[in-house]
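Undergrad: start28.pdb is the file, holding PDB, C-alpha atoms and all ligand atoms:
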ATOM      1  CA  MET A 397      -9.062-137.602 140.977
ATOM      2  CA  THR A 398      -7.205-134.494 142.163
ATOM      3  CA  ARG A 399      -4.201-133.301 140.214
ATOM      4  CA  GLN A 400      -1.059-132.708 142.254
ATOM      5  CA  SER A 401      -0.024-129.104 142.640
ATOM      6  CA  PRO A 402       3.131-128.528 140.637
ATOM      7  CA  THR A 403       6.235-127.579 142.579
ATOM      8  CA  ARG A 404       7.928-124.336 141.644
ATOM      9  CA  ALA A 405      10.361-125.046 138.800
ATOM     10  CA  LEU A 406      13.898-123.692 139.139
ATOM     11  CA  PRO A 407      14.408-121.151 136.355
ATOM     12  CA  GLU A 408      16.369-122.291 133.308
ATOM     13  CA  ASP A 409      19.326-119.939 132.899
ATOM     14  CA  GLY A 410      18.552-119.231 129.240
ATOM     15  CA  ARG A 411      21.972-120.195 127.866
ATOM     16  CA  SER A 412      20.828-123.449 126.245
ATOM     17  CA  LEU A 413      18.221-124.538 123.755
ATOM     18  CA  ILE A 414      14.905-125.753 125.236
ATOM     19  CA  GLU A 415      12.541-127.888 123.153
ATOM     20  CA  ARG A 416       9.231-129.105 124.559
ATOM     21  CA  SER A 417       6.013-129.977 122.818
ATOM     22  CA  GLY A 418       4.539-126.493 122.225
ATOM     23  CA  PHE A 419       7.544-124.505 123.463
ATOM     24  CA  SER A 420      10.921-123.667 121.926
ATOM     25  CA  TYR A 421      13.541-121.402 123.469
ATOM     26  CA  LEU A 422      16.251-120.509 120.976
ATOM     27  CA  PRO A 423      19.234-118.686 122.520
ATOM     28  CA  ARG A 424      21.185-116.283 120.236
ATOM     29  CA  PHE A 425      18.786-116.908 117.312
ATOM     30  CA  ILE A 426      18.913-113.181 116.512
ATOM     31  CA  GLY A 427      22.294-112.129 115.051
ATOM     32  CA  ALA A 428      24.365-109.420 116.781
ATOM     33  CA  GLU A 429      23.864-106.982 113.878
ATOM     34  CA  GLU A 430      20.157-107.761 113.746
ATOM     35  CA  ALA A 431      19.934-106.989 117.467
ATOM     36  CA  ASP A 432      21.665-103.626 116.860
ATOM     37  CA  ALA A 433      19.191-102.864 114.047
ATOM     38  CA  LEU A 434      16.263-103.730 116.340
ATOM     39  CA  ILE A 435      17.636-101.509 119.123
ATOM     40  CA  ALA A 436      18.000 -98.622 116.646
ATOM     41  CA  TYR A 437      14.394 -99.198 115.522
ATOM     42  CA  PHE A 438      13.052 -99.311 119.109
ATOM     43  CA  GLY A 439      14.802 -95.994 119.817
ATOM     44  CA  GLY A 440      13.202 -94.267 116.820
ATOM     45  CA  ILE A 441       9.518 -94.890 117.538
ATOM     46  CA  ARG A 442       7.507 -93.237 120.312
ATOM     47  CA  PRO A 443       5.632 -95.847 122.391
ATOM     48  CA  LEU A 444       2.404 -95.087 124.265
ATOM     49  CA  TRP A 445       1.421 -95.588 127.875
ATOM     50  CA  GLU A 446      -2.045 -96.960 127.208
ATOM     51  CA  GLN A 447      -4.904 -97.080 129.694
ATOM     52  CA  ARG A 448      -6.615-100.409 130.079
ATOM     53  CA  HIS A 449     -10.100 -98.846 130.186
ATOM     54  CA  ARG A 450     -11.398 -95.514 128.989
ATOM     55  CA  ASP A 451     -14.632 -93.731 129.534
ATOM     56  CA  VAL A 452     -16.368 -92.208 126.523
ATOM     57  CA  ASP A 453     -18.419 -90.166 128.955
ATOM     58  CA  HIS A 454     -16.425 -86.931 128.971
ATOM     59  CA  ASP A 455     -17.981 -85.863 132.290
ATOM     60  CA  ARG A 456     -16.291 -88.776 134.042
ATOM     61  CA  PRO A 457     -12.993 -89.078 132.197
ATOM     62  CA  GLY A 458     -10.761 -92.020 133.026
ATOM     63  CA  GLU A 459     -12.949 -93.123 135.893
ATOM     64  CA  HIS A 460     -12.081 -96.803 135.580
ATOM     65  CA  SER A 461      -8.757 -96.407 133.896
ATOM     66  CA  ARG A 462      -5.529 -98.113 134.844
ATOM     67  CA  ARG A 463      -2.254 -97.648 133.004
ATOM     68  CA  LEU A 464      -0.567-100.685 131.463
ATOM     69  CA  THR A 465       2.566-101.820 133.318
ATOM     70  CA  ARG A 466       4.752-100.726 130.398
ATOM     71  CA  PRO A 467       4.822 -98.464 127.337
ATOM     72  CA  VAL A 468       4.006-100.327 124.124
ATOM     73  CA  TYR A 469       3.987 -99.958 120.353
ATOM     74  CA  TRP A 470       2.172-102.263 117.914
ATOM     75  CA  LEU A 471       3.034-102.954 114.290
ATOM     76  CA  GLY A 472       0.826-104.513 111.597
ATOM     77  CA  ALA A 473      -2.390-104.286 113.608
ATOM     78  CA  TRP A 474      -2.645-102.118 116.741
ATOM     79  CA  GLN A 475      -4.709-103.840 119.397
ATOM     80  CA  PHE A 476      -5.609-101.067 121.830
ATOM     81  CA  ALA A 477      -5.990-102.288 125.405
ATOM     82  CA  CYS A 478      -9.169-100.225 125.869
ATOM     83  CA  LEU A 479     -10.831-101.981 122.907
ATOM     84  CA  GLY A 480      -9.904-105.370 124.365
ATOM     85  CA  TYR A 481      -7.374-107.497 122.568
ATOM     86  CA  TYR A 482      -8.154-109.843 119.723
ATOM     87  CA  ALA A 483      -9.065-113.260 121.133
ATOM     88  CA  GLU A 484     -10.665-116.241 119.439
ATOM     89  CA  PRO A 485     -13.533-117.025 119.346
ATOM     90  CA  ASP A 486     -15.559-114.132 120.829
ATOM     91  CA  HIS A 487     -13.393-111.007 120.654
ATOM     92  CA  ARG A 488     -12.662-110.512 116.983
ATOM     93  CA  GLU A 489     -14.455-107.511 115.522
ATOM     94  CA  ASP A 490     -13.803-103.786 115.900
ATOM     95  CA  ARG A 491     -10.541-103.977 117.843
ATOM     96  CA  CYS A 492      -7.553-104.099 115.453
ATOM     97  CA  LEU A 493      -6.453-100.889 113.727
ATOM     98  CA  ARG A 494      -4.118-101.159 110.751
ATOM     99  CA  ALA A 495      -0.645-100.120 111.930
ATOM    100  CA  GLU A 496       2.763 -99.617 110.319
ATOM    101  CA  PRO A 497       4.510-102.581 108.638
ATOM    102  CA  PHE A 498       7.296-104.567 110.318
ATOM    103  CA  PRO A 499      10.797-103.227 109.611
ATOM    104  CA  ARG A 500      12.927-105.370 107.318
ATOM    105  CA  VAL A 501      15.074-106.801 110.147
ATOM    106  CA  MET A 502      11.990-108.340 111.799
ATOM    107  CA  ASN A 503      10.883-109.948 108.522
ATOM    108  CA  THR A 504      14.375-111.385 107.959
ATOM    109  CA  ILE A 505      14.343-113.054 111.380
ATOM    110  CA  LEU A 506      10.753-114.288 110.912
ATOM    111  CA  ASP A 507      11.703-115.812 107.525
ATOM    112  CA  ARG A 508      14.458-117.816 109.212
ATOM    113  CA  LEU A 509      11.969-118.997 111.831
ATOM    114  CA  ARG A 510       9.472-120.321 109.292
ATOM    115  CA  PRO A 511      10.574-124.020 109.473
ATOM    116  CA  ILE A 512      10.392-123.859 113.273
ATOM    117  CA  LEU A 513       6.867-122.406 113.144
ATOM    118  CA  GLN A 514       5.910-125.178 110.714
ATOM    119  CA  SER A 515       7.281-127.808 113.099
ATOM    120  CA  HIS A 516       5.125-126.307 115.875
ATOM    121  CA  ASP A 517       1.947-126.399 113.833
ATOM    122  CA  GLU A 518       2.085-127.806 110.333
ATOM    123  CA  THR A 519      -1.586-127.002 109.710
ATOM    124  CA  PHE A 520      -1.094-123.314 110.385
ATOM    125  CA  GLU A 521       0.033-121.542 107.239
ATOM    126  CA  ASP A 522      -0.436-117.905 108.176
ATOM    127  CA  VAL A 523       2.525-115.711 108.978
ATOM    128  CA  PRO A 524       2.596-113.264 111.894
ATOM    129  CA  ASN A 525       1.079-109.923 110.830
ATOM    130  CA  SER A 526       0.731-108.110 114.177
ATOM    131  CA  CYS A 527       3.319-107.591 116.886
ATOM    132  CA  LEU A 528       3.464-105.970 120.277
ATOM    133  CA  ILE A 529       6.668-104.204 121.306
ATOM    134  CA  ASN A 530       6.944-104.090 125.124
ATOM    135  CA  TYR A 531       9.357-101.668 126.816
ATOM    136  CA  TYR A 532      10.427-102.851 130.284
ATOM    137  CA  GLY A 533      12.223-100.479 132.628
ATOM    138  CA  ARG A 534      11.742 -97.914 135.336
ATOM    139  CA  GLU A 535      10.443 -94.414 135.676
ATOM    140  CA  VAL A 536      13.089 -91.967 136.850
ATOM    141  CA  GLY A 537      12.314 -88.477 138.053
ATOM    142  CA  ASP A 538      12.247 -86.472 141.232
ATOM    143  CA  GLY A 539      11.072 -89.292 143.530
ATOM    144  CA  PRO A 540      12.510 -92.782 143.997
ATOM    145  CA  PRO A 541      12.583 -94.765 140.699
ATOM    146  CA  ARG A 542       9.507 -96.967 140.114
ATOM    147  CA  ASP A 543      10.197-100.240 138.406
ATOM    148  CA  TYR A 544       7.706-101.365 135.768
ATOM    149  CA  ALA A 545       9.694-104.305 134.494
ATOM    150  CA  ARG A 546       6.959-106.900 134.604
ATOM    151  CA  LEU A 547       3.981-108.173 132.638
ATOM    152  CA  ARG A 548       0.866-109.627 134.236
ATOM    153  CA  MET A 549      -0.174-113.224 133.705
ATOM    154  CA  HIS A 550      -2.124-113.635 130.467
ATOM    155  CA  ARG A 551      -2.714-115.851 127.433
ATOM    156  CA  ASP A 552      -2.572-114.622 123.834
ATOM    157  CA  GLY A 553      -5.878-115.218 122.064
ATOM    158  CA  GLU A 554      -4.780-115.100 118.417
ATOM    159  CA  PRO A 555      -4.793-118.408 116.506
ATOM    160  CA  GLY A 556      -1.544-120.307 115.836
ATOM    161  CA  PRO A 557       1.972-119.991 117.236
ATOM    162  CA  VAL A 558       3.215-116.870 119.021
ATOM    163  CA  VAL A 559       6.851-115.804 118.552
ATOM    164  CA  MET A 560       8.682-113.646 121.102
ATOM    165  CA  PHE A 561      12.015-111.848 120.575
ATOM    166  CA  SER A 562      14.017-110.708 123.630
ATOM    167  CA  ILE A 563      16.450-107.806 123.493
ATOM    168  CA  GLY A 564      18.384-106.375 126.430
ATOM    169  CA  GLN A 565      18.626-107.639 129.997
ATOM    170  CA  PRO A 566      17.302-111.138 130.790
ATOM    171  CA  GLY A 567      13.605-111.260 131.678
ATOM    172  CA  LEU A 568      12.123-114.089 133.747
ATOM    173  CA  LEU A 569       9.362-115.694 131.680
ATOM    174  CA  GLU A 570       7.128-117.940 133.790
ATOM    175  CA  PHE A 571       4.377-120.334 132.778
ATOM    176  CA  VAL A 572       1.609-120.975 135.298
ATOM    177  CA  ASP A 573      -1.721-122.746 135.483
ATOM    178  CA  PRO A 574      -3.715-120.499 137.857
ATOM    179  CA  ASP A 575      -6.309-123.241 138.381
ATOM    180  CA  GLU A 576      -3.567-125.363 139.918
ATOM    181  CA  SER A 577      -1.162-123.078 141.694
ATOM    182  CA  ASP A 578       0.702-119.795 141.488
ATOM    183  CA  ALA A 579       3.972-121.718 141.177
ATOM    184  CA  ALA A 580       5.593-121.597 137.741
ATOM    185  CA  GLU A 581       5.653-124.952 135.950
ATOM    186  CA  LEU A 582       8.415-123.659 133.683
ATOM    187  CA  ALA A 583      10.547-120.547 134.134
ATOM    188  CA  VAL A 584      13.245-119.313 131.739
ATOM    189  CA  TRP A 585      15.589-116.326 131.856
ATOM    190  CA  THR A 586      15.003-115.058 128.320
ATOM    191  CA  ARG A 587      18.337-113.583 127.270
ATOM    192  CA  HIS A 588      19.444-110.936 124.785
ATOM    193  CA  ARG A 589      18.895-112.119 121.150
ATOM    194  CA  SER A 590      16.804-115.146 122.136
ATOM    195  CA  VAL A 591      13.501-116.214 120.564
ATOM    196  CA  CYS A 592      10.636-118.195 122.132
ATOM    197  CA  VAL A 593       7.859-119.931 120.213
ATOM    198  CA  LEU A 594       4.626-120.982 121.979
ATOM    199  CA  SER A 595       1.924-123.123 120.430
ATOM    200  CA  GLY A 596      -0.708-125.755 121.049
ATOM    201  CA  PRO A 597      -3.048-126.763 123.868
ATOM    202  CA  GLU A 598      -0.432-126.819 126.612
ATOM    203  CA  PHE A 599       1.435-123.545 126.096
ATOM    204  CA  LYS A 600      -1.280-121.447 124.428
ATOM    205  CA  ASP A 601      -4.442-122.745 126.105
ATOM    206  CA  ARG A 602      -3.703-124.306 129.510
ATOM    207  CA  LEU A 603      -0.710-122.297 130.697
ATOM    208  CA  TYR A 604      -0.676-118.538 131.177
ATOM    209  CA  HIS A 605       2.607-116.651 130.933
ATOM    210  CA  ARG A 606       4.047-113.596 132.677
ATOM    211  CA  ILE A 607       7.291-111.666 133.142
ATOM    212  CA  THR A 608       8.030-111.331 136.846
ATOM    213  CA  GLN A 609      11.408-109.578 136.815
ATOM    214  CA  VAL A 610      14.063-108.159 134.548
ATOM    215  CA  ARG A 611      17.711-108.071 135.577
ATOM    216  CA  PHE A 612      19.746-104.887 135.684
ATOM    217  CA  GLY A 613      22.820-104.253 133.544
ATOM    218  CA  ASP A 614      24.350-101.721 131.172
ATOM    219  CA  GLU A 615      24.938-103.690 127.989
ATOM    220  CA  PRO A 616      23.336-103.419 125.516
ATOM    221  CA  ALA A 617      22.225 -99.828 126.069
ATOM    222  CA  ILE A 618      18.656 -99.267 124.862
ATOM    223  CA  ALA A 619      17.720 -95.663 124.152
ATOM    224  CA  SER A 620      14.069 -94.731 123.885
ATOM    225  CA  ARG A 621      11.886 -91.699 123.283
ATOM    226  CA  ILE A 622       9.874 -92.358 126.465
ATOM    227  CA  GLU A 623      10.354 -89.378 128.745
ATOM    228  CA  GLY A 624      11.693 -90.134 132.225
ATOM    229  CA  PHE A 625      11.923 -93.869 131.602
ATOM    230  CA  ASP A 626      15.068 -96.052 131.573
ATOM    231  CA  VAL A 627      14.553 -99.058 129.319
ATOM    232  CA  ARG A 628      16.542-102.226 130.021
ATOM    233  CA  ARG A 629      14.631-104.888 128.068
ATOM    234  CA  VAL A 630      12.384-104.870 125.008
ATOM    235  CA  SER A 631      10.363-107.843 123.828
ATOM    236  CA  VAL A 632       8.427-108.213 120.603
ATOM    237  CA  SER A 633       5.608-110.739 120.489
ATOM    238  CA  PHE A 634       4.298-111.676 117.033
ATOM    239  CA  ARG A 635       0.867-113.075 116.323
ATOM    240  CA  HIS A 636      -1.541-113.568 113.438
ATOM    241  CA  VAL A 637      -4.862-111.735 113.109
ATOM    242  CA  PRO A 638      -7.115-112.631 110.156
ATOM    243  CA  GLU A 639      -6.529-109.898 107.558
ATOM    244  CA  ALA A 640     -10.274-109.237 107.135
ATOM    245  CA  LEU A 641     -10.445-108.206 110.802
ATOM    246  CA  ILE A 642      -7.809-105.472 110.568
ATOM    247  CA  SER A 643      -9.699-102.171 110.209
ATOM    248  CA  GLU A 644      -8.759 -98.803 108.802
ATOM    249  CA  PHE A 645      -9.639 -95.946 111.176
ATOM    250  CA  ASP A 646     -12.902 -95.118 109.395
ATOM    251  CA  GLU A 647     -13.971 -98.769 109.499
ATOM    252  CA  LEU A 648     -13.943 -98.883 113.312
ATOM    253  CA  SER A 649     -17.265 -98.197 115.014
ATOM    254  CA  THR A 650     -17.943 -94.607 116.149
ATOM    255  CA  GLN A 651     -17.553 -95.705 119.767
ATOM    256  CA  SER A 652     -14.176 -97.380 119.151
ATOM    257  CA  ARG A 653     -12.926 -94.379 117.164
ATOM    258  CA  ALA A 654     -13.899 -92.108 120.077
ATOM    259  CA  LEU A 655     -12.007 -94.330 122.523
ATOM    260  CA  VAL A 656      -8.767 -94.409 120.565
ATOM    261  CA  ARG A 657      -8.781 -91.080 118.721
ATOM    262  CA  ASP A 658      -6.393 -89.263 121.042
ATOM    263  CA  TYR A 659      -3.909 -92.167 120.924
ATOM    264  CA  VAL A 660      -4.030 -92.079 117.132
ATOM    265  CA  GLU A 661      -3.514 -88.306 117.255
ATOM    266  CA  ASP A 662      -0.426 -88.820 119.456
ATOM    267  CA  LEU A 663       0.913 -91.438 117.071
ATOM    268  CA  ALA A 664       0.195 -89.181 114.091
ATOM    269  CA  GLU A 665       2.652 -86.591 115.436
ATOM    270  CA  ASP A 666       5.489 -88.939 114.455
ATOM    271  CA  SER A 667       3.963 -91.214 111.859
ATOM    272  CA  THR A 668       2.721 -90.548 108.330
ATOM    273  CA  HIS A 669       0.831 -93.838 108.521
ATOM    274  CA  PHE A 670      -1.294 -92.676 111.470
ATOM    275  CA  ARG A 671      -1.705 -89.172 109.953
ATOM    276  CA  ALA A 672      -3.190 -90.849 106.895
ATOM    277  CA  GLN A 673      -5.407 -93.008 109.128
ATOM    278  CA  LEU A 674      -6.762 -89.910 110.899
ATOM    279  CA  GLU A 675      -7.568 -88.292 107.587
ATOM    280  CA  ARG A 676      -9.906 -91.204 106.956
ATOM    281  CA  SER A 677     -12.220 -90.042 109.790
ATOM    282  CA  PRO A 678     -15.741 -89.357 108.624
ATOM    283  CA  VAL A 679     -15.779 -85.649 107.676
ATOM    284  CA  LEU A 680     -18.263 -84.506 110.323
ATOM    285  CA  GLU A 681     -16.518 -86.369 113.117
ATOM    286  CA  HIS A 682     -13.181 -84.917 112.021
ATOM    287  CA  LYS A 683     -14.602 -81.364 112.102
ATOM    288  CA  GLU A 684     -16.124 -82.031 115.494
ATOM    289  CA  ALA A 685     -12.753 -83.228 116.849
ATOM    290  CA  LEU A 686     -11.077 -80.083 115.473
ATOM    291  CA  LEU A 687     -13.720 -77.918 117.145
ATOM    292  CA  ILE A 688     -13.289 -79.698 120.478
ATOM    293  CA  GLY A 689      -9.521 -79.213 120.120
ATOM    294  CA  LYS A 690      -9.986 -75.505 119.384
ATOM    295  CA  ARG A 691     -12.376 -75.079 122.320
ATOM    296  CA  ALA A 692      -9.903 -76.830 124.646
ATOM    297  CA  SER A 693      -6.987 -74.684 123.526
ATOM    298  CA  ARG A 694      -9.113 -71.500 123.862
ATOM    299  CA  ALA A 695     -10.015 -72.596 127.419
ATOM    300  CA  SER A 696      -6.385 -73.205 128.309
ATOM    301  CA  ASP A 697      -5.383 -69.816 126.775
ATOM    302  CA  LEU A 698      -7.935 -68.208 129.069
ATOM    303  CA  GLU A 699      -6.650 -70.164 132.062
ATOM    304  CA  ASN A 700      -3.103 -69.112 131.276
ATOM    305  CA  ALA A 701      -4.017 -65.474 130.620
TER     306      ALA A 701
HETATM  307  O1  LIG B   1       8.202-109.928 127.327
HETATM  308  C1  LIG B   1       8.043-111.096 127.009
HETATM  309  O2  LIG B   1       8.981-111.853 126.749
HETATM  310  C2  LIG B   1       6.638-111.661 126.935
HETATM  311  C3  LIG B   1       5.736-110.810 126.109
HETATM  312  C4  LIG B   1       4.317-111.293 126.107
HETATM  313  O3  LIG B   1       3.955-112.215 126.793
HETATM  314  C5  LIG B   1       3.332-110.624 125.257
HETATM  315  O4  LIG B   1       3.664-109.605 124.620
HETATM  316  O5  LIG B   1       2.181-111.103 125.202
END
Mind turning this structure into structure tokens?

TA:
Amino acid sequence: MTRQSPTRALPEDGRSLIERSGFSYLPRFIGAEEADALIAYFGGIRPLWEQRHRDVDHDRPGEHSRRLTRPVYWLGAWQFACLGYYAEPDHREDRCLRAEPFPRVMNTILDRLRPILQSHDETFEDVPNSCLINYYGREVGDGPPRDYARLRMHRDGEPGPVVMFSIGQPGLLEFVDPDESDAAELAVWTRHRSVCVLSGPEFKDRLYHRITQVRFGDEPAIASRIEGFDVRRVSVSFRHVPEALISEFDELSTQSRALVRDYVEDLAEDSTHFRAQLERSPVLEHKEALLIGKRASRASDLENA
């Protein structure tokens, strides 16, 4: 029997509550003051433009690399794109680096969500301990602005419900089954201060999700430390990674440490947490990295002489 291709769903405007089995959309769940505290937090950290792939072979740097569509920052456990994200059941080890804790405002909102998470999956007792902060906006500089306000179709591979906060301009969240059609089976304009919860076989396993556009507007203003980039929406997606699989820097394999070391060095410029992580490098490797750094700066001194 062939399944009928779904017709493209008209987007929900995001002003009203949506409850389906495995999906909740909760408009204005985040209080106005909580939203201000989140915006202040987003403006204080320095997100990274990560590459999807990296080459450890220094003779062919970045050969297969592609930048993510948006700058990101992880809390709890950093899942670097180049290490592959955590996904049950096969992609678990050697990919989650211990990151900074959630700020208090996030924990307060998550505490209020607990009964809703329970109603999604009463067997799942773990609380979210890793979150991805996505900055959507456009690059502004000398040329015409390039809009990066989108996120490719994907599924999140961590076990249990996923929670997503939306701050800023409405983003169009679409759910699709690529085996059936490219048409969205459900589309919602996720508005400022709203929360979505996804769980179960339909919304976590069968359907993929993506952000296809973000509206323009001035309020609320979202400042960021990303150079040459105007942010108009930030989302935070919370997940749970088994605690035993969150590694300190020195517990990652040598290969993984080599792939992410320069990101961790960038993060360490602003973060005592990541400075402490770097200090955990095996002593020889740390000395080697310092030597490479010295050699590189000597080379650039010569070039600039
Ligand atoms: O921006 C959003 O609302 C979706 C975020 C998301 O799908 C993710 O971080 O995995």

Undergrad: Which of these, A:Ile607, A:Leu471, A:Ile642, A:Val627, has the shortest distance to ligand LIG 1 (chain B) once you count only C-alpha atoms and all ligand atoms?

TA: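 Closest to ligand LIG 1 (chain B), using only C-alpha atoms and all ligand atoms: A:Ile607.
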
Undergrad: Residues within 10 Å of ligand LIG 1 (chain B), counting only C-alpha atoms and all ligand atoms: report them as a ChimeraX atom specification.

TA: /A:468,527-532,545-553,558-563,566-570,584-587,590-592,604-608,610,629-635

Undergrad: Please provide the set of residues having any atom within 10 Å of Arg491 (chain A), restricted to all atoms listed in the file, with same-chain residues fewer than 2 positions apart removed, written as a list in words.

TA: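 Using all atoms listed in the file, the neighbours found are Ala473, Trp474, Gln475, Phe476, Ala477, Cys478, Leu479, Gly480, Tyr481, Tyr482, Ala483, His487, Arg488, Glu489, Leu493, Arg494, Leu641, Ile642, Ser643, Leu648, Ser649, Ser652 and Arg653 of chain A.
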
Undergrad: Hey, what's within 8 Å of Ala405 (chain A) if we count only C-alpha atoms and toss same-chain stuff fewer than 6 positions away? As a VMD selection string, please?

TA: chain A and resid 579 to 583

Undergrad: For the provided coordinates, the residues matched by the PyMOL selection byres (((chain A and resi 514-521) around 8) and not hetatm) should be stated as an mmCIF file with C-alpha atoms, in the frame of the given file.

TA:
data_model
loop_
_atom_site.group_PDB
_atom_site.id
_atom_site.type_symbol
_atom_site.label_atom_id
_atom_site.label_comp_id
_atom_site.auth_asym_id
_atom_site.auth_seq_id
_atom_site.Cartn_x
_atom_site.Cartn_y
_atom_site.Cartn_z
ATOM 1 C CA SER A 417 6.013 -129.977 122.818
ATOM 2 C CA GLY A 418 4.539 -126.493 122.225
ATOM 3 C CA ARG A 510 9.472 -120.321 109.292
ATOM 4 C CA PRO A 511 10.574 -124.020 109.473
ATOM 5 C CA ILE A 512 10.392 -123.859 113.273
ATOM 6 C CA LEU A 513 6.867 -122.406 113.144
ATOM 7 C CA ASP A 522 -0.436 -117.905 108.176
ATOM 8 C CA VAL A 523 2.525 -115.711 108.978
ATOM 9 C CA GLY A 556 -1.544 -120.307 115.836
ATOM 10 C CA PRO A 557 1.972 -119.991 117.236
ATOM 11 C CA SER A 595 1.924 -123.123 120.430
ATOM 12 C CA GLY A 596 -0.708 -125.755 121.049
#

Undergrad: Evaluating the PyMOL selection byres (((chain A and resi 657) around 12) and not hetatm) on the displayed file yields which residues, as a PyMOL selection string?

TA: chain A and resi 450+452+476+478-479+493+645-646+648-656+658-664+670-671+673-677+681-682+685-686+689

Undergrad: Please determine, counting only C-alpha atoms, which residue among A:Ile441, A:Val593, A:Val637, A:Ile618 has the shortest atom-to-atom distance to Pro423 (chain A).

TA: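 Among the listed residues, A:Val593 lies closest to Pro423 (chain A).
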
Undergrad: When you draw a straight line from CA of Leu464 (chain A) to CA of Pro443 (chain A), how long is it in Å?

TA: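 Here the two named atoms are 12.0 Å from each other.
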
Undergrad: Just checking: using all atoms listed in the file, which residue out of A:Gly427, A:Asp507, A:Gly440, A:Leu422 ends up closest to Gly410 (chain A)?

TA: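 For Gly410 (chain A), the nearest of the candidates is A:Leu422.
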
Undergrad: Please measure the separation of CA of Arg621 (chain A) and CA of His636 (chain A), giving the value in Å to one decimal.

TA: 27.5 Å

Undergrad: How many Å lie between CA of Glu665 (chain A) and CA of Arg628 (chain A), rounded to one decimal?

TA: 25.5 Å

Undergrad: Taking into account all atoms listed in the file, which residue in the set A:Gly624, A:Gly539, A:Pro574, A:Pro497 is nearest to Arg602 (chain A)?

TA: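 Of all the options, A:Pro574 lies closest to Arg602 (chain A).
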
Undergrad: Choose the residue, out of A:Glu598, A:Glu554, A:Asp490, A:Glu623, that has the smallest atom-to-atom separation from Gly537 (chain A); count all atoms listed in the file.

TA: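 For Gly537 (chain A), the nearest of the given residues is A:Glu623.
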
Undergrad: Pick out the residues sitting within 10 Å of Thr504 (chain A), and hand them over as a VMD selection string; count all atoms listed in the file, and ignore anything fewer than 4 positions along from it in its own chain.

TA: chain A and resid 426 430 499 to 500 508 to 509

Undergrad: Residues as selected, C-alpha atoms, written as a PDB file, in the coordinates of the input, can you do that?

TA:
ATOM      1  CA  ILE A 426      18.913-113.181 116.512  1.00  0.00           C
ATOM      2  CA  GLU A 430      20.157-107.761 113.746  1.00  0.00           C
ATOM      3  CA  PRO A 499      10.797-103.227 109.611  1.00  0.00           C
ATOM      4  CA  ARG A 500      12.927-105.370 107.318  1.00  0.00           C
ATOM      5  CA  ARG A 508      14.458-117.816 109.212  1.00  0.00           C
ATOM      6  CA  LEU A 509      11.969-118.997 111.831  1.00  0.00           C
TER       7      LEU A 509
END

Undergrad: Which residues match the PyMOL selection byres (((chain A and resi 435) around 10) and not hetatm) in the file above, as a list of chain:residue names?

TA: A:Glu429, A:Glu430, A:Ala431, A:Asp432, A:Ala433, A:Leu434, A:Ala436, A:Tyr437, A:Phe438, A:Gly439, A:Gly440, A:Ile563, A:Gly564, A:Pro616, A:Ala617, A:Ile618, A:Ala619, A:Ser620, A:Val630

Undergrad: Using all atoms listed in the file, which residue out of A:Asp614, A:Cys492, A:Leu506, A:Arg466 lies closest to Arg542 (chain A)?

TA: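 With all atoms listed in the file as the atom set, the closest residue is A:Arg466.
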
Undergrad: Mind working out the centre and edge lengths of an axis-aligned box for region 671-681 of chain A, all listed atoms inside, 3 Å added to each side, rounded to one decimal in Å and written as AutoDock Vina command-line options?

TA:
--center_x -10.0 --center_y -88.8 --center_z 110.0 --size_x 22.6 --size_y 14.5 --size_z 12.2
